[in-house]
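Shown next: upload.txt, containing compact mmCIF, C-alpha atoms.
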# COMPACT_ATOMS: atom_id res chain seq x y z
CA MET P 1 23.73 -59.69 -14.85
CA ASN P 2 21.51 -56.86 -16.07
CA THR P 3 18.20 -57.07 -14.24
CA GLU P 4 16.69 -53.81 -15.49
CA LEU P 5 13.22 -54.16 -17.00
CA ASN P 6 12.48 -52.84 -20.46
CA PRO P 7 9.39 -50.67 -21.10
CA ASP P 8 7.28 -53.62 -22.33
CA GLN P 9 7.99 -55.53 -19.13
CA LEU P 10 7.17 -52.53 -16.95
CA TRP P 11 3.82 -51.95 -18.63
CA MET P 12 3.03 -55.68 -18.56
CA LEU P 13 3.60 -55.68 -14.81
CA GLN P 14 0.82 -53.11 -14.62
CA ALA P 15 -1.43 -55.46 -16.62
CA LEU P 16 -0.51 -58.33 -14.30
CA TYR P 17 -1.49 -56.18 -11.32
CA GLN P 18 -4.90 -55.70 -12.94
CA ALA P 19 -5.23 -59.46 -13.48
CA GLU P 20 -4.52 -60.11 -9.80
CA GLN P 21 -7.62 -58.10 -8.92
CA ALA P 22 -9.76 -60.72 -10.70
CA ILE P 23 -8.37 -63.98 -9.31
CA TYR P 24 -11.25 -64.49 -6.86
CA ARG P 25 -14.13 -63.40 -9.09
CA ALA P 26 -13.34 -64.50 -12.65
CA ARG P 27 -13.94 -68.28 -12.49
CA PRO P 28 -14.45 -70.20 -14.63
CA ASN P 29 -12.86 -67.60 -16.90
CA PRO P 30 -9.16 -66.87 -16.54
CA ALA P 31 -8.11 -63.80 -14.58
CA VAL P 32 -6.84 -61.40 -17.24
CA GLY P 33 -5.52 -57.87 -16.94
CA CYS P 34 -5.14 -55.20 -19.58
CA VAL P 35 -3.67 -51.71 -19.76
CA ILE P 36 -3.69 -49.38 -22.76
CA VAL P 37 -0.76 -47.00 -23.13
CA ASN P 38 -0.69 -43.90 -25.31
CA ASN P 39 2.29 -41.54 -25.29
CA GLU P 40 3.73 -43.37 -22.27
CA VAL P 41 0.58 -42.80 -20.21
CA ILE P 42 -1.95 -45.44 -19.17
CA VAL P 43 -5.27 -44.35 -20.66
CA GLY P 44 -7.27 -47.52 -19.97
CA ARG P 45 -7.29 -50.34 -17.43
CA GLY P 46 -9.35 -53.49 -17.10
CA ALA P 47 -9.59 -56.86 -15.36
CA THR P 48 -11.92 -59.76 -16.05
CA ALA P 49 -15.40 -59.11 -14.69
CA PRO P 50 -17.47 -61.89 -13.07
CA VAL P 51 -18.73 -64.49 -15.54
CA GLY P 52 -21.03 -62.99 -18.15
CA GLY P 53 -19.45 -59.55 -17.75
CA PRO P 54 -16.91 -57.78 -19.96
CA HIS P 55 -13.41 -59.07 -20.48
CA ALA P 56 -10.37 -57.06 -19.44
CA GLU P 57 -9.72 -55.65 -22.93
CA VAL P 58 -13.27 -54.36 -23.32
CA LEU P 59 -13.18 -52.58 -19.95
CA ALA P 60 -9.83 -51.02 -20.79
CA LEU P 61 -11.11 -49.87 -24.19
CA ARG P 62 -14.14 -48.28 -22.55
CA GLU P 63 -11.94 -46.30 -20.22
CA ALA P 64 -9.52 -45.29 -22.98
CA GLY P 65 -12.19 -44.14 -25.42
CA ASP P 66 -10.69 -42.32 -28.41
CA MET P 67 -7.25 -42.49 -26.79
CA ALA P 68 -7.11 -46.18 -27.74
CA ARG P 69 -6.51 -45.27 -31.39
CA GLY P 70 -2.81 -45.67 -32.15
CA ALA P 71 -2.09 -46.92 -28.64
CA THR P 72 -0.26 -50.00 -27.37
CA VAL P 73 -2.27 -52.61 -25.49
CA TYR P 74 -0.70 -54.85 -22.84
CA VAL P 75 -2.75 -57.92 -22.00
CA THR P 76 -1.83 -60.94 -19.87
CA LEU P 77 -3.52 -63.57 -22.08
CA GLU P 78 -4.19 -63.77 -25.81
CA PRO P 79 -7.38 -61.85 -26.67
CA CYS P 80 -10.29 -64.18 -27.35
CA ALA P 81 -11.34 -64.83 -30.93
CA HIS P 82 -14.76 -66.44 -30.50
CA TYR P 83 -18.30 -65.45 -29.65
CA GLY P 84 -19.39 -66.69 -26.23
CA ARG P 85 -21.14 -64.68 -23.56
CA THR P 86 -19.20 -61.71 -24.96
CA PRO P 87 -17.96 -60.78 -28.48
CA PRO P 88 -14.33 -61.47 -29.50
CA CYS P 89 -11.88 -59.11 -27.79
CA ALA P 90 -9.43 -59.37 -30.68
CA ARG P 91 -11.98 -57.80 -33.03
CA ALA P 92 -12.79 -55.10 -30.48
CA LEU P 93 -9.12 -54.13 -30.39
CA VAL P 94 -9.00 -53.96 -34.18
CA ALA P 95 -12.15 -51.83 -34.28
CA ALA P 96 -10.64 -49.43 -31.73
CA GLY P 97 -7.67 -48.80 -34.02
CA VAL P 98 -4.89 -49.84 -31.64
CA HIS P 99 -1.41 -49.83 -33.14
CA ARG P 100 0.26 -52.62 -31.17
CA VAL P 101 -0.74 -55.45 -28.82
CA VAL P 102 1.73 -57.00 -26.36
CA ILE P 103 0.62 -60.37 -24.97
CA ALA P 104 2.12 -62.25 -22.04
CA GLY P 105 1.10 -65.71 -23.28
CA LEU P 106 -1.08 -67.53 -25.79
CA ASP P 107 -4.41 -69.06 -24.84
CA PRO P 108 -4.44 -72.89 -25.27
CA ASN P 109 -8.25 -72.89 -25.42
CA PRO P 110 -9.01 -74.52 -28.82
CA LEU P 111 -11.49 -71.72 -29.51
CA VAL P 112 -8.59 -69.23 -29.33
CA ALA P 113 -5.18 -70.96 -29.64
CA GLY P 114 -3.50 -68.38 -31.86
CA LYS P 115 -6.65 -67.20 -33.60
CA GLY P 116 -6.68 -63.99 -31.57
CA VAL P 117 -3.15 -63.17 -32.70
CA SER P 118 -4.09 -63.97 -36.31
CA ILE P 119 -7.07 -61.59 -36.23
CA LEU P 120 -4.84 -58.79 -34.98
CA GLN P 121 -2.03 -59.44 -37.42
CA ASP P 122 -4.38 -59.81 -40.39
CA ALA P 123 -5.72 -56.35 -39.55
CA GLY P 124 -2.20 -54.88 -39.57
CA VAL P 125 -1.78 -54.68 -35.78
CA ASP P 126 1.78 -55.23 -34.55
CA VAL P 127 1.80 -58.15 -32.08
CA THR P 128 4.46 -59.18 -29.54
CA VAL P 129 4.06 -62.37 -27.48
CA GLY P 130 5.95 -63.69 -24.46
CA ILE P 131 6.46 -60.67 -22.20
CA CYS P 132 6.39 -61.70 -18.50
CA GLU P 133 4.93 -65.03 -19.59
CA GLN P 134 5.87 -67.02 -16.49
CA GLN P 135 4.25 -64.49 -14.15
CA ALA P 136 1.09 -64.65 -16.25
CA ILE P 137 1.05 -68.46 -16.23
CA ARG P 138 1.13 -68.53 -12.42
CA LEU P 139 -2.10 -66.51 -12.29
CA ASN P 140 -4.08 -69.07 -14.32
CA GLN P 141 -2.40 -72.44 -13.85
CA GLY P 142 -5.69 -74.33 -13.67
CA PHE P 143 -7.28 -72.75 -16.73
CA LEU P 144 -4.15 -73.17 -18.82
CA LYS P 145 -3.62 -76.81 -17.83
CA ALA P 146 -7.28 -77.71 -18.32
CA MET P 147 -7.38 -76.15 -21.78
CA ALA P 148 -4.14 -77.87 -22.80
CA THR P 149 -4.68 -81.33 -21.26
CA GLY P 150 -8.31 -81.72 -20.21
CA MET P 151 -7.27 -82.11 -16.57
CA PRO P 152 -7.52 -79.52 -13.78
CA TYR P 153 -4.56 -78.29 -11.77
CA VAL P 154 -4.47 -80.15 -8.43
CA ARG P 155 -3.07 -78.66 -5.24
CA LEU P 156 -2.74 -80.94 -2.22
CA LYS P 157 -2.86 -79.01 1.04
CA MET P 158 -1.49 -80.54 4.24
CA ALA P 159 -0.94 -79.22 7.77
CA SER P 160 1.39 -81.13 10.04
CA SER P 161 3.66 -81.04 13.05
CA LEU P 162 7.46 -81.14 12.81
CA ASP P 163 7.29 -84.92 13.08
CA GLY P 164 4.87 -85.17 10.15
CA ARG P 165 1.69 -85.79 12.12
CA THR P 166 -1.73 -84.36 11.30
CA ALA P 167 -3.89 -85.39 14.27
CA MET P 168 -3.76 -87.23 17.55
CA ALA P 169 -4.57 -90.93 17.58
CA SER P 170 -8.09 -90.02 18.72
CA GLY P 171 -8.58 -87.86 15.63
CA GLU P 172 -8.24 -84.57 17.51
CA SER P 173 -6.59 -82.05 15.19
CA GLN P 174 -7.78 -78.55 16.12
CA TRP P 175 -5.47 -76.81 15.98
CA ILE P 176 -1.99 -77.84 14.84
CA THR P 177 -1.21 -74.67 12.90
CA GLY P 178 -1.80 -71.12 14.04
CA THR P 179 -4.47 -68.58 13.12
CA GLU P 180 -2.37 -66.98 10.38
CA ALA P 181 -1.79 -70.29 8.58
CA ARG P 182 -5.46 -71.21 8.76
CA GLN P 183 -6.33 -67.80 7.34
CA ASP P 184 -3.78 -68.34 4.56
CA VAL P 185 -5.62 -71.51 3.52
CA GLN P 186 -8.65 -69.36 2.69
CA HIS P 187 -6.73 -67.93 -0.27
CA TRP P 188 -6.15 -71.37 -1.79
CA ARG P 189 -9.83 -72.22 -1.39
CA ALA P 190 -10.82 -68.91 -2.94
CA ILE P 191 -8.83 -69.53 -6.14
CA SER P 192 -10.13 -73.10 -6.45
CA GLY P 193 -13.14 -74.26 -8.39
CA ALA P 194 -13.52 -77.21 -6.02
CA VAL P 195 -12.27 -78.42 -2.65
CA VAL P 196 -12.07 -82.22 -2.52
CA SER P 197 -12.21 -84.15 0.73
CA GLY P 198 -13.16 -87.56 2.06
CA ILE P 199 -16.14 -88.52 4.16
CA ASP P 200 -13.94 -89.36 7.17
CA THR P 201 -12.72 -85.76 7.31
CA VAL P 202 -16.29 -84.47 7.15
CA LEU P 203 -17.45 -86.84 9.86
CA ALA P 204 -14.50 -85.99 12.12
CA ASP P 205 -14.58 -82.19 11.79
CA ASP P 206 -18.01 -81.32 10.36
CA CYS P 207 -16.00 -78.98 8.13
CA GLN P 208 -17.53 -76.51 5.68
CA LEU P 209 -14.57 -76.31 3.26
CA ASN P 210 -15.68 -72.90 2.00
CA VAL P 211 -14.23 -69.39 2.09
CA ARG P 212 -15.33 -67.53 5.21
CA GLN P 213 -12.80 -64.72 5.57
CA LEU P 214 -10.35 -63.17 3.14
CA ALA P 215 -8.29 -60.05 3.74
CA ALA P 216 -7.87 -59.25 0.05
CA ALA P 217 -11.55 -59.31 -0.97
CA GLU P 218 -15.10 -59.15 0.24
CA ILE P 219 -16.67 -62.58 0.65
CA SER P 220 -19.63 -61.47 -1.47
CA ASP P 221 -17.24 -60.89 -4.41
CA ILE P 222 -15.76 -64.39 -4.27
CA VAL P 223 -16.92 -67.31 -6.38
CA GLN P 224 -17.23 -69.98 -3.69
CA PRO P 225 -15.70 -73.37 -4.54
CA MET P 226 -17.75 -76.49 -4.96
CA ARG P 227 -17.23 -78.96 -2.11
CA VAL P 228 -16.61 -82.47 -3.48
CA ILE P 229 -16.95 -85.29 -0.96
CA LEU P 230 -15.85 -88.85 -1.68
CA ASP P 231 -18.40 -90.99 0.15
CA ARG P 232 -18.35 -94.49 -1.32
CA GLN P 233 -20.59 -95.95 1.41
CA GLY P 234 -23.17 -93.16 1.53
CA ARG P 235 -22.39 -91.99 5.07
CA LEU P 236 -22.77 -88.22 4.65
CA PRO P 237 -25.31 -87.07 7.27
CA LEU P 238 -28.02 -84.65 6.20
CA THR P 239 -27.09 -82.56 9.25
CA ALA P 240 -23.55 -81.88 7.94
CA ARG P 241 -22.79 -78.16 7.93
CA LEU P 242 -21.59 -78.18 4.34
CA LEU P 243 -25.16 -79.09 3.33
CA ASP P 244 -26.27 -75.65 4.53
CA VAL P 245 -25.59 -74.65 0.90
CA PRO P 246 -26.35 -77.95 -0.85
CA GLU P 247 -26.18 -76.60 -4.40
CA THR P 248 -22.42 -76.10 -3.94
CA VAL P 249 -21.85 -79.73 -2.88
CA MET P 250 -20.93 -82.70 -5.04
CA VAL P 251 -20.88 -86.21 -3.61
CA MET P 252 -19.18 -89.16 -5.28
CA GLY P 253 -20.96 -92.22 -3.93
CA PRO P 254 -24.13 -94.29 -4.21
CA PHE P 255 -27.23 -92.37 -5.32
CA ARG P 256 -29.31 -91.05 -2.43
CA GLN P 257 -32.71 -89.54 -3.13
CA GLU P 258 -32.55 -87.30 -0.07
CA LEU P 259 -29.40 -85.65 -1.40
CA ALA P 260 -30.98 -85.19 -4.80
CA ASP P 261 -34.02 -83.59 -3.19
CA ALA P 262 -31.72 -81.16 -1.37
CA GLY P 263 -30.03 -80.11 -4.62
CA VAL P 264 -26.72 -81.91 -4.15
CA ILE P 265 -24.94 -82.94 -7.35
CA GLN P 266 -24.23 -86.66 -7.20
CA LEU P 267 -21.41 -88.29 -9.15
CA GLU P 268 -20.86 -91.91 -10.00
CA ILE P 269 -18.12 -93.75 -8.13
CA GLN P 270 -15.07 -93.60 -10.38
CA PRO P 271 -11.25 -93.57 -10.25
CA LEU P 272 -9.67 -90.29 -9.18
CA ASP P 273 -8.40 -89.40 -12.64
CA LEU P 274 -11.88 -89.78 -14.11
CA LEU P 275 -13.30 -87.75 -11.23
CA LEU P 276 -10.92 -84.93 -12.14
CA ARG P 277 -11.98 -85.10 -15.77
CA THR P 278 -15.60 -84.95 -14.65
CA LEU P 279 -14.86 -81.84 -12.61
CA ARG P 280 -13.21 -80.30 -15.65
CA ASP P 281 -16.45 -80.94 -17.57
CA PHE P 282 -18.14 -78.79 -14.90
CA HIS P 283 -15.64 -76.02 -15.81
CA ILE P 284 -13.66 -76.63 -12.62
CA TYR P 285 -10.02 -75.99 -13.47
CA ASP P 286 -8.35 -75.64 -10.04
CA VAL P 287 -8.82 -78.37 -7.42
CA LEU P 288 -7.70 -78.15 -3.81
CA VAL P 289 -7.46 -81.47 -1.96
CA GLU P 290 -7.95 -81.13 1.80
CA ALA P 291 -8.18 -84.67 3.09
CA GLY P 292 -6.81 -87.28 5.41
CA ALA P 293 -3.87 -89.60 4.86
CA THR P 294 -5.68 -92.21 2.76
CA LEU P 295 -7.15 -89.91 0.13
CA SER P 296 -4.08 -87.67 0.04
CA THR P 297 -1.86 -90.69 -0.51
CA ALA P 298 -4.16 -91.95 -3.28
CA PHE P 299 -3.80 -88.66 -5.18
CA LEU P 300 -0.03 -88.88 -4.84
CA GLN P 301 0.20 -92.53 -5.83
CA ASP P 302 -1.91 -91.86 -8.93
CA ARG P 303 0.47 -89.01 -9.87
CA LEU P 304 -2.38 -86.51 -9.91
CA VAL P 305 -0.84 -83.81 -7.72
CA ASP P 306 0.60 -80.77 -9.50
CA GLU P 307 1.57 -78.90 -6.35
CA MET P 308 1.71 -79.62 -2.63
CA ILE P 309 1.13 -76.84 -0.10
CA SER P 310 2.47 -78.00 3.24
CA TYR P 311 2.04 -76.02 6.45
CA ILE P 312 4.47 -77.13 9.16
CA ALA P 313 3.84 -76.12 12.77
CA PRO P 314 6.69 -75.89 15.31
CA THR P 315 5.38 -78.69 17.48
CA PHE P 316 5.73 -82.44 18.03
CA LEU P 317 2.68 -84.70 18.35
CA GLY P 318 4.44 -88.00 19.02
CA GLN P 319 4.69 -91.36 17.33
CA SER P 320 1.13 -92.49 18.13
CA ALA P 321 -0.36 -89.46 16.31
CA ARG P 322 -1.72 -89.89 12.80
CA PRO P 323 0.76 -89.49 9.90
CA MET P 324 0.38 -87.19 6.89
CA PHE P 325 0.40 -90.11 4.47
CA ASN P 326 0.03 -93.86 4.67
CA ALA P 327 2.04 -95.07 1.68
CA ASP P 328 4.16 -98.14 2.43
CA PHE P 329 7.42 -98.22 0.51
CA ALA P 330 9.94 -101.04 0.51
CA SER P 331 12.81 -99.27 -1.25
CA MET P 332 14.14 -95.77 -1.91
CA VAL P 333 13.24 -96.01 -5.60
CA GLU P 334 9.54 -95.87 -4.66
CA GLN P 335 9.75 -92.57 -2.81
CA PHE P 336 7.85 -89.44 -3.87
CA ARG P 337 10.40 -86.67 -4.36
CA PHE P 338 9.42 -83.02 -4.63
CA GLN P 339 11.14 -79.85 -5.77
CA LEU P 340 10.92 -76.95 -3.33
CA GLU P 341 9.47 -73.88 -5.04
CA GLU P 342 8.88 -71.52 -2.12
CA VAL P 343 9.23 -71.29 1.66
CA THR P 344 7.23 -68.64 3.51
CA GLN P 345 6.81 -67.99 7.21
CA VAL P 346 3.11 -67.58 8.04
CA GLY P 347 2.76 -66.58 11.67
CA ASP P 348 4.74 -69.15 13.66
CA ASP P 349 4.35 -71.78 10.94
CA LEU P 350 6.12 -72.48 7.67
CA ARG P 351 4.37 -72.83 4.32
CA LEU P 352 6.18 -74.95 1.76
CA ARG P 353 5.10 -74.98 -1.87
CA LEU P 354 6.44 -78.00 -3.70
CA ILE P 355 6.02 -79.54 -7.13
CA PRO P 356 6.75 -83.19 -8.02
CA ALA P 357 10.33 -83.70 -9.11
CA GLN P 358 10.78 -84.79 -12.70
CA GLU P 359 12.77 -87.83 -11.66
CA THR P 360 12.95 -89.96 -8.52
CA VAL P 361 16.12 -91.45 -7.11

Give the structure from this file in C-alpha cells form.
Amino acid sequence: MNTELNPDQLWMLQALYQAEQAIYRARPNPAVGCVIVNNEVIVGRGATAPVGGPHAEVLALREAGDMARGATVYVTLEPCAHYGRTPPCARALVAAGVHRVVIAGLDPNPLVAGKGVSILQDAGVDVTVGICEQQAIRLNQGFLKAMATGMPYVRLKMASSLDGRTAMASGESQWITGTEARQDVQHWRAISGAVVSGIDTVLADDCQLNVRQLAAAEISDIVQPMRVILDRQGRLPLTARLLDVPETVMVMGPFRQELADAGVIQLEIQPLDLLLRTLRDFHIYDVLVEAGATLSTAFLQDRLVDEMISYIAPTFLGQSARPMFNADFASMVEQFRFQLEEVTQVGDDLRLRLIPAQETV
C-alpha cells in the first residue's frame, strides 16, 4: 500500500499543526489553523486567537501580505461566511486575491454550512475539500457535534485499579494512579468547556476540577472550564474550594440565595440530556465527566457518553473497595460494549480511549 503523502496533505499537516496551538485558548470557537503557500513556500501562518480576536485565516493573510495574491491557502475548517465578532474570512480570502483554497472539512454551523465555499467559488477561487479531514475532526469534536446535533461531545473519565475499583470502602482514593496520569488529566480538562461532577465527589475530595498545571501551555493562556456540580439536595458548602472562583461554577439543584450572591450560575434540576443541551446553550461544546459510580453510570445508561477515557493503575484494591460503575445487569444483552480506539502508557498506568460500540451482543 502506498502511504506517501501528496503535496496537499503535507501542507495541510502544517495547517493542522497551527490549529493544535489553539486548542486551549480558542473556546468557544473551534481551533483552526491556516497556512498560505506561494511557490512552494509558506508565506503566512495563523491559528485561532482567543475569543474576539482574529481567526486563523486573517492572521495568515496579515503575515503573507502581498504574497497572498495567487497563493494557495490550506485551512483546517471551512472559512466563516458570517459577520460575528469578526468579518467573514471567506470574503477576506477573496479580497486578498488567493488562487486556491484547500479545506480539511466543512463547518456544520448553520451560519456557515457550505456558504464559505460558495463565496469562494462564486469569486472564481478554486476550492478543494476533504484533505486530512479525520485529523481535523479530532481537533474539534465538541464544536462539530454541537453544531450538527445541538448536543456537546461528552468524555467520561475514570481512574481505577486492575480490579475495576476507584476508592476504598471508606472513600479514600488518593492516589490510585500515578503523577503522570493525574497530570495527563489536566489536558482533558483544558480542552473542555465544562467539567461535570456530583456533590458526593466534591464533599469527599473538596476537588477544584480546574486546570492547574499544563506542560504544553501557560495556565494564563488557557480558557478554564466551567465546573458543573449536580447537587439535588443543596449540600454544596460555601467553604468548598471550587467556590474560590464562583463565576466559573454552575450548580444544578434547588435555588440558594447565598450561591446567587456569590456569582454562581444556578440551573434547574433536569434530566442529564436536557442539562447537556443547557450547557450547549452556554456555548459549552466539550464536557468532561469526572464523577463517582452513580453519576458515571447514569451518563452511560442514558447513552450520553461519546468517549470514555479510562486510566488503569497496576494495583488491586480488593472486593470491598468501591466499583467504577453500579449498573446491575441480568443478562449479557444489557452490557455496555466499547470499541478500543487507543492504548497509551502514561507513567506506570495505562490510558484507554474507548468509544461506544455500534452494536451490543

Checklist entry - Nearest to Val343 (chain P): which of P:Ala159, P:Ile312, P:Leu304, P:Leu295 is it, counting only C-alpha atoms? => result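 Result for the nearest residue to Val343 (chain P): P:Ile312.
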
Item to check | region 45-53 of chain P surroundings by all atoms listed in the file, 10 Å radius, close-in-sequence under 2 positions cut, as an MDAnalysis selection string | outcome: chainID P and resid 14:37 42:43 55:64 73:76 84:86 221:223

Checklist entry - Please, what distance in Å, to one decimal, runs between CA of Leu352 (chain P) and CA of Asp200 (chain P)? => result 25.3 Å

Checklist entry - Which neighbours of Glu40 (chain P) fall inside 10 Å, counting all atoms listed in the file, when residues of the same chain fewer than 5 positions from it are skipped, and could you give them as a list in words? => result Pro7, Trp11, Ala71 and Thr72 of chain P

Checklist entry - Could you state the separation of CA of Val264 (chain P) and CA of Ala148 (chain P) in Å, given to one decimal place? => result 29.6 Å

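For the pair CA of Leu242 (chain P) and CA of Gln208 (chain P), the separation is 4.6 Å.
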
For Thr297 (chain P): contacts at 9 Å, all atoms listed in the file, fewer than 5 positions along chain excluded, given as a compact mmCIF listing (two decimals) with C-alpha atoms, keeping the file's coordinate frame:
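So part.txt came out as:
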# COMPACT_ATOMS: atom_id res chain seq x y z
CA GLY P 292 -6.81 -87.28 5.41
CA ASP P 302 -1.91 -91.86 -8.93
CA MET P 324 0.38 -87.19 6.89
CA PHE P 325 0.40 -90.11 4.47
CA ASN P 326 0.03 -93.86 4.67
CA ALA P 327 2.04 -95.07 1.68

Next on the checklist: When you look at region 190-192 of chain P with a cut-off of 6 Å (counting only C-alpha atoms), what residues show up, excluding the ones that are within fewer than 6 positions of it in the same chain? I need them as a PyMOL selection string.
Outcome noted: chain P and resi 24+225+286-287

Next on the checklist: Which residues are close to Ala204 (chain P), i.e. within 12 Å by all atoms listed in the file, leaving aside same-chain residues fewer than 2 positions away? Reply as an MDAnalysis selection string.
Outcome noted: chainID P and resid 167 170:174 197:202 206:208 236:237 240 291:292

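Shortest separation to Leu259 (chain P) among P:Thr278, P:Gln319, P:Gln301, P:Thr239 occurs at residue P:Thr239, atoms counted being all atoms listed in the file.
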
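Nearest-residue note for Ala298 (chain P): choosing from P:Leu156, P:Leu350, P:Ala330, P:Ala68, the minimum distance belongs to P:Leu156, counting all atoms listed in the file.
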
Selecting all heavy atoms, how would region 300-308 of chain P from this structure be written as an mmCIF file, in the first residue's frame?
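File written: result.cif
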data_model
loop_
_atom_site.group_PDB
_atom_site.id
_atom_site.type_symbol
_atom_site.label_atom_id
_atom_site.label_comp_id
_atom_site.auth_asym_id
_atom_site.auth_seq_id
_atom_site.Cartn_x
_atom_site.Cartn_y
_atom_site.Cartn_z
ATOM 1 N N LEU P 300 -23.838 6.740 31.242
ATOM 2 C CA LEU P 300 -23.757 5.583 30.357
ATOM 3 C C LEU P 300 -25.132 5.012 30.042
ATOM 4 O O LEU P 300 -25.445 4.711 28.889
ATOM 5 C CB LEU P 300 -22.877 4.503 30.991
ATOM 6 C CG LEU P 300 -21.368 4.768 30.993
ATOM 7 C CD1 LEU P 300 -20.663 3.722 31.830
ATOM 8 C CD2 LEU P 300 -20.818 4.767 29.575
ATOM 9 N N GLN P 301 -25.955 4.860 31.054
ATOM 10 C CA GLN P 301 -27.271 4.268 30.841
ATOM 11 C C GLN P 301 -28.162 5.140 29.954
ATOM 12 O O GLN P 301 -29.008 4.624 29.227
ATOM 13 C CB GLN P 301 -27.951 4.007 32.182
ATOM 14 C CG GLN P 301 -27.316 2.858 32.960
ATOM 15 C CD GLN P 301 -27.999 2.584 34.278
ATOM 16 O OE1 GLN P 301 -28.388 3.503 34.983
ATOM 17 N NE2 GLN P 301 -28.128 1.308 34.623
ATOM 18 N N ASP P 302 -27.940 6.448 30.000
ATOM 19 C CA ASP P 302 -28.707 7.356 29.144
ATOM 20 C C ASP P 302 -28.089 7.510 27.764
ATOM 21 O O ASP P 302 -28.545 8.317 26.953
ATOM 22 C CB ASP P 302 -28.827 8.739 29.807
ATOM 23 C CG ASP P 302 -29.753 8.734 31.011
ATOM 24 O OD1 ASP P 302 -30.422 7.711 31.237
ATOM 25 O OD2 ASP P 302 -29.814 9.758 31.721
ATOM 26 N N ARG P 303 -27.042 6.734 27.484
ATOM 27 C CA ARG P 303 -26.362 6.744 26.176
ATOM 28 C C ARG P 303 -25.877 8.150 25.807
ATOM 29 O O ARG P 303 -26.013 8.597 24.666
ATOM 30 C CB ARG P 303 -27.289 6.220 25.080
ATOM 31 C CG ARG P 303 -27.913 4.858 25.352
ATOM 32 C CD ARG P 303 -26.875 3.770 25.489
ATOM 33 N NE ARG P 303 -27.472 2.436 25.450
ATOM 34 C CZ ARG P 303 -26.996 1.385 26.081
ATOM 35 N NH1 ARG P 303 -25.914 1.507 26.824
ATOM 36 N NH2 ARG P 303 -27.566 0.213 25.982
ATOM 37 N N LEU P 304 -25.282 8.827 26.761
ATOM 38 C CA LEU P 304 -24.827 10.198 26.548
ATOM 39 C C LEU P 304 -23.317 10.316 26.429
ATOM 40 O O LEU P 304 -22.801 11.413 26.210
ATOM 41 C CB LEU P 304 -25.317 11.089 27.696
ATOM 42 C CG LEU P 304 -26.838 11.214 27.838
ATOM 43 C CD1 LEU P 304 -27.188 11.996 29.100
ATOM 44 C CD2 LEU P 304 -27.441 11.881 26.606
ATOM 45 N N VAL P 305 -22.609 9.198 26.558
ATOM 46 C CA VAL P 305 -21.148 9.227 26.531
ATOM 47 C C VAL P 305 -20.650 8.983 25.104
ATOM 48 O O VAL P 305 -20.986 7.971 24.485
ATOM 49 C CB VAL P 305 -20.558 8.164 27.481
ATOM 50 C CG1 VAL P 305 -19.035 8.112 27.350
ATOM 51 C CG2 VAL P 305 -20.966 8.462 28.922
ATOM 52 N N ASP P 306 -19.855 9.924 24.605
ATOM 53 C CA ASP P 306 -19.257 9.775 23.279
ATOM 54 C C ASP P 306 -17.912 9.075 23.350
ATOM 55 O O ASP P 306 -17.501 8.415 22.390
ATOM 56 C CB ASP P 306 -19.060 11.151 22.629
ATOM 57 C CG ASP P 306 -20.376 11.847 22.356
ATOM 58 O OD1 ASP P 306 -21.130 11.366 21.502
ATOM 59 O OD2 ASP P 306 -20.652 12.874 23.009
ATOM 60 N N GLU P 307 -17.221 9.219 24.465
ATOM 61 C CA GLU P 307 -15.885 8.647 24.600
ATOM 62 C C GLU P 307 -15.590 8.412 26.078
ATOM 63 O O GLU P 307 -15.944 9.250 26.917
ATOM 64 C CB GLU P 307 -14.842 9.598 24.009
ATOM 65 C CG GLU P 307 -13.400 9.146 24.129
ATOM 66 C CD GLU P 307 -12.428 10.139 23.516
ATOM 67 O OE1 GLU P 307 -12.870 11.065 22.791
ATOM 68 O OE2 GLU P 307 -11.207 10.002 23.772
ATOM 69 N N MET P 308 -14.976 7.292 26.387
ATOM 70 C CA MET P 308 -14.545 7.035 27.756
ATOM 71 C C MET P 308 -13.024 7.031 27.800
ATOM 72 O O MET P 308 -12.373 6.414 26.956
ATOM 73 C CB MET P 308 -15.090 5.721 28.297
ATOM 74 C CG MET P 308 -14.740 5.498 29.773
ATOM 75 S SD MET P 308 -15.776 4.302 30.623
ATOM 76 C CE MET P 308 -15.182 2.785 29.891
#
